[in-house]
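> Pasting upload.cif below, which is mmCIF, C-alpha atoms.
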```cif
data_upload
#
loop_
_atom_site.group_PDB
_atom_site.id
_atom_site.type_symbol
_atom_site.label_atom_id
_atom_site.label_comp_id
_atom_site.auth_asym_id
_atom_site.auth_seq_id
_atom_site.Cartn_x
_atom_site.Cartn_y
_atom_site.Cartn_z
ATOM 1 C CA MET N 76 -54.833 167.701 77.349
ATOM 2 C CA THR N 77 -53.183 171.096 77.223
ATOM 3 C CA GLY N 78 -50.986 173.134 74.964
ATOM 4 C CA SER N 79 -49.533 171.369 71.943
ATOM 5 C CA ASP N 80 -51.254 168.078 72.889
ATOM 6 C CA ILE N 81 -54.650 169.472 71.796
ATOM 7 C CA PRO N 82 -55.484 168.450 68.184
ATOM 8 C CA SER N 83 -56.276 171.302 65.806
ATOM 9 C CA SER N 84 -59.765 169.892 65.158
ATOM 10 C CA PHE N 85 -62.051 166.888 65.549
ATOM 11 C CA ARG N 86 -63.374 165.425 62.293
ATOM 12 C CA LEU N 87 -66.835 163.847 62.452
ATOM 13 C CA ALA N 88 -68.195 161.965 59.450
ATOM 14 C CA TYR N 89 -71.961 161.538 59.089
ATOM 15 C CA VAL N 90 -74.193 159.785 56.590
ATOM 16 C CA PRO N 91 -77.376 161.045 54.872
ATOM 17 C CA GLY N 92 -80.400 161.034 57.146
ATOM 18 C CA VAL N 93 -78.382 161.465 60.328
ATOM 19 C CA THR N 94 -78.603 164.897 61.975
ATOM 20 C CA PRO N 95 -75.638 165.602 64.287
ATOM 21 C CA THR N 96 -76.705 169.198 65.089
ATOM 22 C CA LYS N 97 -77.589 168.765 68.780
ATOM 23 C CA TRP N 98 -74.342 166.904 69.530
ATOM 24 C CA VAL N 99 -72.260 169.438 67.625
ATOM 25 C CA ARG N 100 -73.842 172.249 69.654
ATOM 26 C CA VAL N 101 -72.926 170.542 72.945
ATOM 27 C CA TRP N 102 -69.376 169.976 71.641
ATOM 28 C CA HIS N 103 -68.922 173.709 70.945
ATOM 29 C CA GLU N 104 -70.190 174.530 74.443
ATOM 30 C CA ARG N 105 -67.846 172.095 76.182
ATOM 31 C CA LEU N 106 -64.751 172.255 73.976
ATOM 32 C CA PRO N 107 -64.725 175.704 72.359
ATOM 33 C CA HIS N 108 -60.950 175.448 71.867
ATOM 34 C CA VAL N 109 -61.285 172.354 69.601
ATOM 35 C CA PRO N 110 -63.131 173.027 66.315
ATOM 36 C CA LEU N 111 -65.418 170.226 65.113
ATOM 37 C CA GLU N 112 -65.228 169.611 61.370
ATOM 38 C CA LEU N 113 -68.190 167.825 59.753
ATOM 39 C CA VAL N 114 -67.404 165.418 56.918
ATOM 40 C CA GLN N 115 -70.421 164.332 54.855
ATOM 41 C CA ALA N 116 -70.195 160.865 53.321
ATOM 42 C CA THR N 117 -72.469 158.232 51.839
ATOM 43 C CA ALA N 118 -73.298 155.173 53.913
ATOM 44 C CA ALA N 119 -70.917 153.130 51.756
ATOM 45 C CA GLU N 120 -68.054 155.671 51.986
ATOM 46 C CA ALA N 121 -68.138 156.395 55.731
ATOM 47 C CA PRO N 122 -66.432 153.205 57.010
ATOM 48 C CA GLY N 123 -63.562 153.721 54.578
ATOM 49 C CA LEU N 124 -63.076 157.324 55.734
ATOM 50 C CA LEU N 125 -62.775 156.142 59.334
ATOM 51 C CA ALA N 126 -60.468 153.232 58.548
ATOM 52 C CA GLY N 127 -58.239 155.497 56.441
ATOM 53 C CA GLY N 128 -57.933 158.168 59.118
ATOM 54 C CA ASP N 129 -59.862 160.804 57.173
ATOM 55 C CA ALA N 130 -62.281 161.188 60.096
ATOM 56 C CA ASP N 131 -61.822 160.702 63.835
ATOM 57 C CA ALA N 132 -65.313 159.309 64.384
ATOM 58 C CA GLY N 133 -68.497 158.931 62.397
ATOM 59 C CA LEU N 134 -72.252 158.587 62.659
ATOM 60 C CA VAL N 135 -72.708 155.592 60.380
ATOM 61 C CA ARG N 136 -75.163 152.853 59.540
ATOM 62 C CA LEU N 137 -74.520 149.333 60.743
ATOM 63 C CA PRO N 138 -73.074 146.862 60.047
ATOM 64 C CA VAL N 139 -69.391 147.827 60.023
ATOM 65 C CA ASP N 140 -66.297 145.648 60.112
ATOM 66 C CA ARG N 141 -65.694 145.184 63.848
ATOM 67 C CA ASP N 142 -62.120 144.032 63.213
ATOM 68 C CA VAL N 143 -61.357 147.509 61.896
ATOM 69 C CA LEU N 144 -63.873 149.800 63.580
ATOM 70 C CA SER N 145 -65.372 150.126 67.039
ATOM 71 C CA ALA N 146 -69.057 151.032 67.197
ATOM 72 C CA ILE N 147 -71.717 151.980 69.723
ATOM 73 C CA PRO N 148 -75.302 151.513 68.422
ATOM 74 C CA LEU N 149 -77.337 154.680 69.038
ATOM 75 C CA TYR N 150 -80.827 154.012 67.696
ATOM 76 C CA THR N 151 -82.875 151.987 65.215
ATOM 77 C CA GLU N 152 -84.883 153.772 62.544
ATOM 78 C CA THR N 153 -88.425 153.013 61.449
ATOM 79 C CA THR N 154 -88.650 151.779 57.861
ATOM 80 C CA VAL N 155 -91.300 153.473 55.721
ATOM 81 C CA VAL N 156 -92.691 153.094 52.214
ATOM 82 C CA VAL N 157 -92.568 156.236 50.078
ATOM 83 C CA ILE N 158 -95.700 156.562 47.938
ATOM 84 C CA PRO N 159 -97.563 159.199 45.901
ATOM 85 C CA LYS N 160 -100.101 161.224 47.927
ATOM 86 C CA ASP N 161 -102.986 159.757 45.923
ATOM 87 C CA HIS N 162 -101.886 156.135 46.549
ATOM 88 C CA VAL N 163 -104.491 153.812 48.080
ATOM 89 C CA ALA N 164 -102.116 152.983 50.953
ATOM 90 C CA THR N 165 -102.442 156.517 52.328
ATOM 91 C CA ALA N 166 -105.806 155.479 53.805
ATOM 92 C CA ALA N 167 -103.970 153.324 56.384
ATOM 93 C CA GLU N 168 -101.715 154.402 59.271
ATOM 94 C CA GLU N 169 -99.179 151.689 58.421
ATOM 95 C CA VAL N 170 -98.547 149.156 55.665
ATOM 96 C CA SER N 171 -97.394 145.518 55.755
ATOM 97 C CA LEU N 172 -95.016 143.918 53.272
ATOM 98 C CA THR N 173 -97.822 141.624 52.117
ATOM 99 C CA GLU N 174 -99.857 144.644 51.047
ATOM 100 C CA LEU N 175 -96.999 145.650 48.736
ATOM 101 C CA SER N 176 -96.932 142.314 46.907
ATOM 102 C CA ASP N 177 -98.534 143.751 43.759
ATOM 103 C CA GLU N 178 -96.409 146.925 43.751
ATOM 104 C CA ILE N 179 -93.193 147.532 41.834
ATOM 105 C CA VAL N 180 -90.721 148.018 44.673
ATOM 106 C CA LEU N 181 -87.673 150.036 43.655
ATOM 107 C CA HIS N 182 -84.313 148.762 44.915
ATOM 108 C CA PRO N 183 -81.578 151.414 44.478
ATOM 109 C CA LEU N 184 -77.920 150.409 44.433
ATOM 110 C CA ASP N 185 -77.314 152.375 47.629
ATOM 111 C CA ASP N 186 -80.164 150.625 49.486
ATOM 112 C CA LEU N 187 -79.539 150.535 53.262
ATOM 113 C CA LEU N 188 -81.893 147.722 54.237
ATOM 114 C CA ASP N 189 -80.807 144.115 54.679
ATOM 115 C CA TRP N 190 -83.346 142.219 52.598
ATOM 116 C CA GLU N 191 -83.540 138.431 52.514
ATOM 117 C CA THR N 192 -86.285 138.660 49.915
ATOM 118 C CA LEU N 193 -87.308 141.947 48.355
ATOM 119 C CA PRO N 194 -91.097 142.440 48.557
ATOM 120 C CA GLY N 195 -93.351 143.211 45.612
ATOM 121 C CA ARG N 196 -92.343 143.045 41.957
ATOM 122 C CA PRO N 197 -88.858 144.100 40.791
ATOM 123 C CA ALA N 198 -88.334 147.086 38.501
ATOM 124 C CA VAL N 199 -86.789 146.655 35.060
ATOM 125 C CA GLU N 200 -83.533 148.073 36.393
ATOM 126 C CA ARG N 201 -82.213 149.299 39.723
ATOM 127 C CA PRO N 202 -81.902 153.072 40.227
ATOM 128 C CA ALA N 203 -78.348 154.244 41.001
ATOM 129 C CA THR N 204 -79.282 156.187 44.130
ATOM 130 C CA THR N 205 -82.099 156.714 46.601
ATOM 131 C CA ALA N 206 -82.580 160.209 45.164
ATOM 132 C CA ASP N 207 -83.112 158.678 41.702
ATOM 133 C CA ALA N 208 -85.610 156.205 43.146
ATOM 134 C CA ILE N 209 -87.564 159.053 44.772
ATOM 135 C CA GLU N 210 -87.904 160.680 41.348
ATOM 136 C CA LEU N 211 -89.294 157.416 39.947
ATOM 137 C CA VAL N 212 -91.839 157.170 42.766
ATOM 138 C CA ALA N 213 -92.989 160.695 41.949
ATOM 139 C CA ALA N 214 -93.334 159.635 38.304
ATOM 140 C CA GLY N 215 -95.592 156.760 39.337
ATOM 141 C CA VAL N 216 -93.127 154.006 38.401
ATOM 142 C CA GLY N 217 -93.147 152.241 41.783
ATOM 143 C CA VAL N 218 -92.749 152.583 45.557
ATOM 144 C CA LEU N 219 -89.640 152.730 47.720
ATOM 145 C CA LEU N 220 -88.784 151.421 51.210
ATOM 146 C CA VAL N 221 -86.229 153.487 53.147
ATOM 147 C CA PRO N 222 -85.347 154.533 56.712
ATOM 148 C CA GLN N 223 -87.719 157.301 57.809
ATOM 149 C CA SER N 224 -84.938 159.900 57.991
ATOM 150 C CA LEU N 225 -84.242 159.452 54.267
ATOM 151 C CA ALA N 226 -87.927 159.853 53.440
ATOM 152 C CA ARG N 227 -87.795 163.177 55.305
ATOM 153 C CA LEU N 228 -84.519 164.158 53.668
ATOM 154 C CA HIS N 229 -85.991 163.631 50.175
ATOM 155 C CA HIS N 230 -89.369 165.154 51.019
ATOM 156 C CA ARG N 231 -91.561 166.275 48.127
ATOM 157 C CA LYS N 232 -95.005 167.864 48.206
ATOM 158 C CA ASP N 233 -96.436 165.189 45.904
ATOM 159 C CA LEU N 234 -95.143 162.273 48.017
ATOM 160 C CA THR N 235 -95.829 160.908 51.486
ATOM 161 C CA TYR N 236 -94.866 157.793 53.456
ATOM 162 C CA ARG N 237 -96.253 155.174 55.828
ATOM 163 C CA PRO N 238 -94.443 152.947 58.398
ATOM 164 C CA VAL N 239 -93.839 149.301 57.461
ATOM 165 C CA PRO N 240 -93.393 147.486 60.821
ATOM 166 C CA ASP N 241 -92.397 144.080 59.397
ATOM 167 C CA ALA N 242 -89.646 145.451 57.108
ATOM 168 C CA PRO N 243 -85.931 145.266 57.984
ATOM 169 C CA ALA N 244 -84.711 148.302 59.950
ATOM 170 C CA SER N 245 -81.543 150.397 59.733
ATOM 171 C CA ARG N 246 -79.411 151.002 62.842
ATOM 172 C CA VAL N 247 -77.311 154.120 63.345
ATOM 173 C CA ALA N 248 -74.095 153.950 65.385
ATOM 174 C CA LEU N 249 -71.167 156.062 66.500
ATOM 175 C CA SER N 250 -68.022 154.466 65.092
ATOM 176 C CA TRP N 251 -64.275 155.135 65.189
ATOM 177 C CA PRO N 252 -61.056 153.295 64.238
ATOM 178 C CA GLU N 253 -60.331 150.284 66.444
ATOM 179 C CA ALA N 254 -57.436 151.001 68.839
ATOM 180 C CA GLU N 255 -56.111 149.679 72.118
ATOM 181 C CA LEU N 256 -56.795 153.042 73.732
ATOM 182 C CA THR N 257 -59.714 155.215 72.614
ATOM 183 C CA PRO N 258 -58.512 158.796 71.878
ATOM 184 C CA ASP N 259 -59.547 161.421 74.420
ATOM 185 C CA LEU N 260 -61.593 163.480 71.950
ATOM 186 C CA VAL N 261 -63.489 160.375 70.822
ATOM 187 C CA GLU N 262 -64.222 159.668 74.493
ATOM 188 C CA GLU N 263 -65.508 163.231 74.795
ATOM 189 C CA PHE N 264 -67.878 162.729 71.866
ATOM 190 C CA ILE N 265 -69.030 159.355 73.222
ATOM 191 C CA GLY N 266 -69.935 161.136 76.450
ATOM 192 C CA ILE N 267 -71.905 163.762 74.537
ATOM 193 C CA VAL N 268 -73.992 161.315 72.496
ATOM 194 C CA ARG N 269 -74.654 159.260 75.625
ATOM 195 C CA GLY N 270 -75.871 162.313 77.496
ATOM 196 C CA ARG N 271 -73.133 162.524 80.103
ATOM 197 C CA THR N 272 -72.977 165.816 81.953
ATOM 198 C CA VAL N 273 -69.857 167.942 81.812
ATOM 199 C CA ASN N 274 -68.814 166.765 85.307
ATOM 200 C CA SER N 275 -69.479 163.047 84.782
ATOM 201 C CA THR N 276 -66.614 160.590 84.924
ATOM 202 C CA ARG N 277 -65.673 158.049 82.269
ATOM 203 C CA GLY N 278 -65.895 154.846 84.305
ATOM 204 C CA ARG N 279 -64.344 156.297 87.431
ATOM 205 C CA ALA N 280 -65.569 154.602 90.566
ATOM 206 C CA ALA N 281 -67.809 156.646 92.818
ATOM 207 C CA THR N 282 -66.113 158.190 95.854
ATOM 208 C CA PRO N 283 -66.888 156.013 98.897
ATOM 209 C CA PRO N 284 -68.464 157.721 101.920
ATOM 210 C CA ARG N 285 -65.951 159.111 104.433
ATOM 211 C CA PRO N 286 -65.687 156.771 107.433
ATOM 212 C CA ALA N 287 -66.630 158.377 110.742
ATOM 213 C CA LYS N 288 -63.640 159.294 112.869
ATOM 214 C CA ALA N 289 -63.366 158.090 116.439
ATOM 215 C CA LYS N 290 -63.707 161.700 117.665
ATOM 216 C CA ASP N 291 -66.939 162.089 115.687
ATOM 217 C CA LYS N 292 -68.307 158.880 117.201
ATOM 218 C CA ASP N 293 -67.471 160.092 120.711
ATOM 219 C CA LYS N 294 -69.293 163.373 120.040
ATOM 220 C CA ALA N 295 -72.352 161.483 118.841
ATOM 221 C CA LYS N 296 -72.393 159.305 121.965
ATOM 222 C CA GLY N 297 -71.955 162.347 124.181
ATOM 223 C CA LYS N 298 -74.937 163.981 122.498
ATOM 224 C CA ASP N 299 -77.096 160.970 123.316
ATOM 225 C CA ARG N 300 -75.994 161.070 126.971
ATOM 226 C CA ARG N 301 -76.857 164.781 127.205
ATOM 227 C CA GLY N 302 -80.461 164.290 126.210
ATOM 228 C CA GLY N 303 -80.586 162.904 122.724
ATOM 229 C CA ALA N 304 -83.456 160.826 121.463
ATOM 230 C CA GLY N 305 -84.672 158.404 124.096
ATOM 231 C CA GLY N 306 -83.456 160.565 127.055
ATOM 232 C CA GLY N 307 -80.284 158.684 127.971
ATOM 233 C CA ALA N 308 -78.916 158.288 131.467
ATOM 234 C CA GLY N 309 -78.008 161.533 133.195
ATOM 235 C CA ALA N 310 -80.623 163.585 131.337
ATOM 236 C CA ARG N 311 -82.162 166.186 133.651
ATOM 237 C CA GLN N 312 -85.922 165.905 133.798
ATOM 238 C CA LYS N 313 -88.410 168.739 134.215
ATOM 239 C CA PRO N 314 -91.327 168.333 136.577
ATOM 240 C CA ALA N 315 -94.517 167.101 134.983
ATOM 241 C CA ALA N 316 -97.040 169.778 134.075
ATOM 242 C CA GLY N 317 -99.313 170.709 136.959
ATOM 243 C CA ARG N 318 -97.094 169.226 139.629
ATOM 244 C CA LYS N 319 -94.862 171.132 141.994
ATOM 245 C CA PRO N 320 -91.743 169.640 143.426
ATOM 246 C CA GLN N 321 -91.951 168.716 147.094
ATOM 247 C CA ALA N 322 -90.594 171.321 149.459
ATOM 248 C CA GLY N 323 -86.945 170.920 150.111
ATOM 249 C CA GLY N 324 -86.696 168.150 147.577
ATOM 250 C CA ARG N 325 -85.962 167.630 143.888
ATOM 251 C CA ALA N 326 -88.405 167.084 141.060
ATOM 252 C CA GLY N 327 -89.694 163.544 140.879
ATOM 253 C CA GLY N 328 -90.166 163.264 144.720
ATOM 254 C CA GLN N 329 -86.567 162.661 145.594
ATOM 255 C CA SER N 330 -85.599 163.529 149.227
ATOM 256 C CA GLY N 331 -83.750 166.790 149.771
ATOM 257 C CA LYS N 332 -81.754 167.875 152.837
ATOM 258 C CA ARG N 333 -82.978 166.523 156.134
ATOM 259 C CA GLY N 334 -85.084 169.128 158.005
ATOM 260 C CA LYS N 335 -84.741 170.129 161.708
ATOM 261 C CA PRO N 336 -86.797 168.133 164.203
ATOM 262 C CA ARG N 337 -89.991 169.858 165.365
ATOM 263 C CA GLY N 338 -90.185 171.099 168.885
ATOM 264 C CA ARG N 339 -92.180 168.999 171.266
#
```
Take the structure in the file and write it out as structure tokens.

Amino acid sequence: MTGSDIPSSFRLAYVPGVTPTKWVRVWHERLPHVPLELVQATAAEAPGLLAGGDADAGLVRLPVDRDVLSAIPLYTETTVVVIPKDHVATAAEEVSLTELSDEIVLHPLDDLLDWETLPGRPAVERPATTADAIELVAAGVGVLLVPQSLARLHHRKDLTYRPVPDAPASRVALSWPEAELTPDLVEEFIGIVRGRTVNSTRGRAATPPRPAKAKDKDKAKGKDRRGGAGGGAGARQKPAAGRKPQAGGRAGGQSGKRGKPRGR
């Protein structure tokens, strides 16, 4: 795209816990003429921003409505339990859901995990947000299960966390409005998050090797005849080391010119 076809900016939505910094840096290196505008949104808000055209693409949490949005899964996050630093579970490297059966497990309204059955004992009421739930954990009210990036985002000195391998996990994806043809700038960002180099193609077939021309083939054959590998016919041979050619003859003992008859 050139001239007036270049959009004034590219709007990228992202949800809490997702860090787009490295991809944004590559964008600025490759497309310095197209500013990238970051749009922060909650996990619940992000799909609506994309569907409404308020962002060109977004780093969101799955699932999304695939009838409305396209999505490429990027990675799956480890789920952890956030606990006070003096909690008994800190003695272990990881915690199972069974070990949380006697704990009050907080379940905020913005929870990102797809639970069939919530572990532990329910709280009297659900906190409005993950941030509110973190405050309750610090107050000793209960524990909280979240994607690891959110535990880091809401880090506190009096809290820590441990992985919970058998808990549901949250998947992060790059998403954009469903369309028959993906916009060029979205394709550019897809290439960046997938690690394509600046010179890589987007699905273009590799250039086939150039077929050898007849003239090139003739040259190759001629090279073989003039002493290529294997010493083809017509190759001139040197006399073997330590042997002299016979007088009047050629190397290899071939007869030379016929000499004069000796006098009798």
> Pick out the residues sitting within 10 Å of segment 120-130 of chain N, and hand them over as a compact mmCIF listing (two decimals) with C-alpha atoms, in the coordinates of the input; count all atoms listed in the file, and ignore anything fewer than 5 positions along from it in its own chain.

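File written: selection_25.txt
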```txt
# COMPACT_ATOMS: atom_id res chain seq x y z
CA PHE N 85 -62.05 166.89 65.55
CA ARG N 86 -63.37 165.42 62.29
CA LEU N 87 -66.83 163.85 62.45
CA ALA N 88 -68.19 161.96 59.45
CA TYR N 89 -71.96 161.54 59.09
CA VAL N 90 -74.19 159.78 56.59
CA GLU N 112 -65.23 169.61 61.37
CA LEU N 113 -68.19 167.82 59.75
CA VAL N 114 -67.40 165.42 56.92
CA GLN N 115 -70.42 164.33 54.86
CA VAL N 135 -72.71 155.59 60.38
CA ARG N 136 -75.16 152.85 59.54
CA LEU N 137 -74.52 149.33 60.74
CA PRO N 138 -73.07 146.86 60.05
CA VAL N 139 -69.39 147.83 60.02
CA ASP N 140 -66.30 145.65 60.11
CA VAL N 143 -61.36 147.51 61.90
CA LEU N 144 -63.87 149.80 63.58
CA SER N 250 -68.02 154.47 65.09
CA TRP N 251 -64.28 155.14 65.19
CA PRO N 252 -61.06 153.29 64.24
CA GLU N 253 -60.33 150.28 66.44
```
> Kindly give the distance, in Å, that separates atom CA of Ile267 of chain N and atom CA of Pro91 of chain N, rounded to a single decimal.
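These atoms are spaced 20.6 Å apart.
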> Please report the interatomic distance between atom CA of Arg100 of chain N and atom CA of Val268 of chain N in Å with one decimal.
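Atom-to-atom, atom CA of Arg100 of chain N and atom CA of Val268 of chain N are spaced 11.3 Å apart.
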> Run the PyMOL selection byres ((chain N and resi 233) around 10) on the file and write out the hits as a list of chain:residue names.
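Answer for the PyMOL selection byres ((chain N and resi 233) around 10): N:Ile158, N:Pro159, N:Lys160, N:Asp161, N:Val212, N:Ala213, N:Ala214, N:His230, N:Arg231, N:Lys232, N:Leu234, N:Thr235.
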> I'd like to know which of N:Ala242, N:Ala116, N:Ile147, N:Leu111 is closest to Gly266 of chain N, using only C-alpha atoms.
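When distances to Gly266 of chain N are compared using only C-alpha atoms, the smallest one comes from N:Ile147.
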> Need the neighbours of (-75.2, 161.1, 73.1): which residues are at most 12 Å away, counting only C-alpha atoms, as a PDB file with C-alpha atoms, keeping the file's coordinate frame?

```
ATOM      1  CA  PRO N  95     -75.638 165.602  64.287  1.00  0.00           C
ATOM      2  CA  THR N  96     -76.705 169.198  65.089  1.00  0.00           C
ATOM      3  CA  LYS N  97     -77.589 168.765  68.780  1.00  0.00           C
ATOM      4  CA  TRP N  98     -74.342 166.904  69.530  1.00  0.00           C
ATOM      5  CA  VAL N  99     -72.260 169.438  67.625  1.00  0.00           C
ATOM      6  CA  ARG N 100     -73.842 172.249  69.654  1.00  0.00           C
ATOM      7  CA  VAL N 101     -72.926 170.542  72.945  1.00  0.00           C
ATOM      8  CA  TRP N 102     -69.376 169.976  71.641  1.00  0.00           C
ATOM      9  CA  LEU N 134     -72.252 158.587  62.659  1.00  0.00           C
ATOM     10  CA  ILE N 147     -71.717 151.980  69.723  1.00  0.00           C
ATOM     11  CA  PRO N 148     -75.302 151.513  68.422  1.00  0.00           C
ATOM     12  CA  LEU N 149     -77.337 154.680  69.038  1.00  0.00           C
ATOM     13  CA  TYR N 150     -80.827 154.012  67.696  1.00  0.00           C
ATOM     14  CA  ALA N 248     -74.095 153.950  65.385  1.00  0.00           C
ATOM     15  CA  LEU N 249     -71.167 156.062  66.500  1.00  0.00           C
ATOM     16  CA  VAL N 261     -63.489 160.375  70.822  1.00  0.00           C
ATOM     17  CA  GLU N 262     -64.222 159.668  74.493  1.00  0.00           C
ATOM     18  CA  GLU N 263     -65.508 163.231  74.795  1.00  0.00           C
ATOM     19  CA  PHE N 264     -67.878 162.729  71.866  1.00  0.00           C
ATOM     20  CA  ILE N 265     -69.030 159.355  73.222  1.00  0.00           C
ATOM     21  CA  GLY N 266     -69.935 161.136  76.450  1.00  0.00           C
ATOM     22  CA  ILE N 267     -71.905 163.762  74.537  1.00  0.00           C
ATOM     23  CA  VAL N 268     -73.992 161.315  72.496  1.00  0.00           C
ATOM     24  CA  ARG N 269     -74.654 159.260  75.625  1.00  0.00           C
ATOM     25  CA  GLY N 270     -75.871 162.313  77.496  1.00  0.00           C
ATOM     26  CA  ARG N 271     -73.133 162.524  80.103  1.00  0.00           C
ATOM     27  CA  THR N 272     -72.977 165.816  81.953  1.00  0.00           C
TER      28      THR N 272
END
```
> To one decimal in Å, tell me the separation between atom CA of Thr165 of chain N and atom CA of Asp207 of chain N.
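Those two atoms sit 22.2 Å apart.
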> Taking all atoms listed in the file into account, name the residue in N:Pro222, N:Pro240, N:Pro258, N:Gly217 that is nearest to Glu152 of chain N.
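Between N:Pro222, N:Pro240, N:Pro258, N:Gly217, the residue approaching Glu152 of chain N most closely is N:Pro222.
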> Would you mind listing what lies within 10 Å of Leu175 of chain N as a PDB file with C-alpha atoms, in the coordinates of the input, with all atoms listed in the file counted and same-chain residues fewer than 5 positions away left out?

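This went into out19.pdb:
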```
ATOM      1  CA  VAL N 156     -92.691 153.094  52.214  1.00  0.00           C
ATOM      2  CA  ALA N 164    -102.116 152.983  50.953  1.00  0.00           C
ATOM      3  CA  VAL N 170     -98.547 149.156  55.665  1.00  0.00           C
ATOM      4  CA  VAL N 180     -90.721 148.018  44.673  1.00  0.00           C
ATOM      5  CA  PRO N 194     -91.097 142.440  48.557  1.00  0.00           C
ATOM      6  CA  GLY N 195     -93.351 143.211  45.612  1.00  0.00           C
ATOM      7  CA  ARG N 196     -92.343 143.045  41.957  1.00  0.00           C
ATOM      8  CA  VAL N 218     -92.749 152.583  45.557  1.00  0.00           C
ATOM      9  CA  VAL N 239     -93.839 149.301  57.461  1.00  0.00           C
TER      10      VAL N 239
END
```
> Please evaluate the PyMOL selection byres ((chain N and resi 155) around 8) against the displayed coordinates and give the resulting residues as JSON, numbers by chain.
{"N": [153, 154, 156, 157, 220, 221, 222, 223, 226, 236, 237, 238, 239]}
> Using only C-alpha atoms, determine which residues lie at most 8 Å from Pro243 of chain N, disregarding the query and same-chain residues fewer than 2 positions distant; provide the list as an mmCIF file with C-alpha atoms, keeping the file's coordinate frame.

```
data_model
loop_
_atom_site.group_PDB
_atom_site.id
_atom_site.type_symbol
_atom_site.label_atom_id
_atom_site.label_comp_id
_atom_site.auth_asym_id
_atom_site.auth_seq_id
_atom_site.Cartn_x
_atom_site.Cartn_y
_atom_site.Cartn_z
ATOM 1 C CA THR N 154 -88.650 151.779 57.861
ATOM 2 C CA LEU N 188 -81.893 147.722 54.237
ATOM 3 C CA ASP N 189 -80.807 144.115 54.679
ATOM 4 C CA TRP N 190 -83.346 142.219 52.598
ATOM 5 C CA ASP N 241 -92.397 144.080 59.397
ATOM 6 C CA SER N 245 -81.543 150.397 59.733
#
```
> For Glu210 of chain N, which of N:Ala146, N:Leu181, N:Glu191, N:Leu106 is the closest residue, counting all atoms listed in the file?
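Closest candidate: N:Leu181.
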> With distances taken over all atoms listed in the file, which of N:Ala166, N:His229, N:Ala118, N:Val216 is nearest to Asp186 of chain N?
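Among the listed residues, the smallest separation from Asp186 of chain N belongs to N:Ala118.
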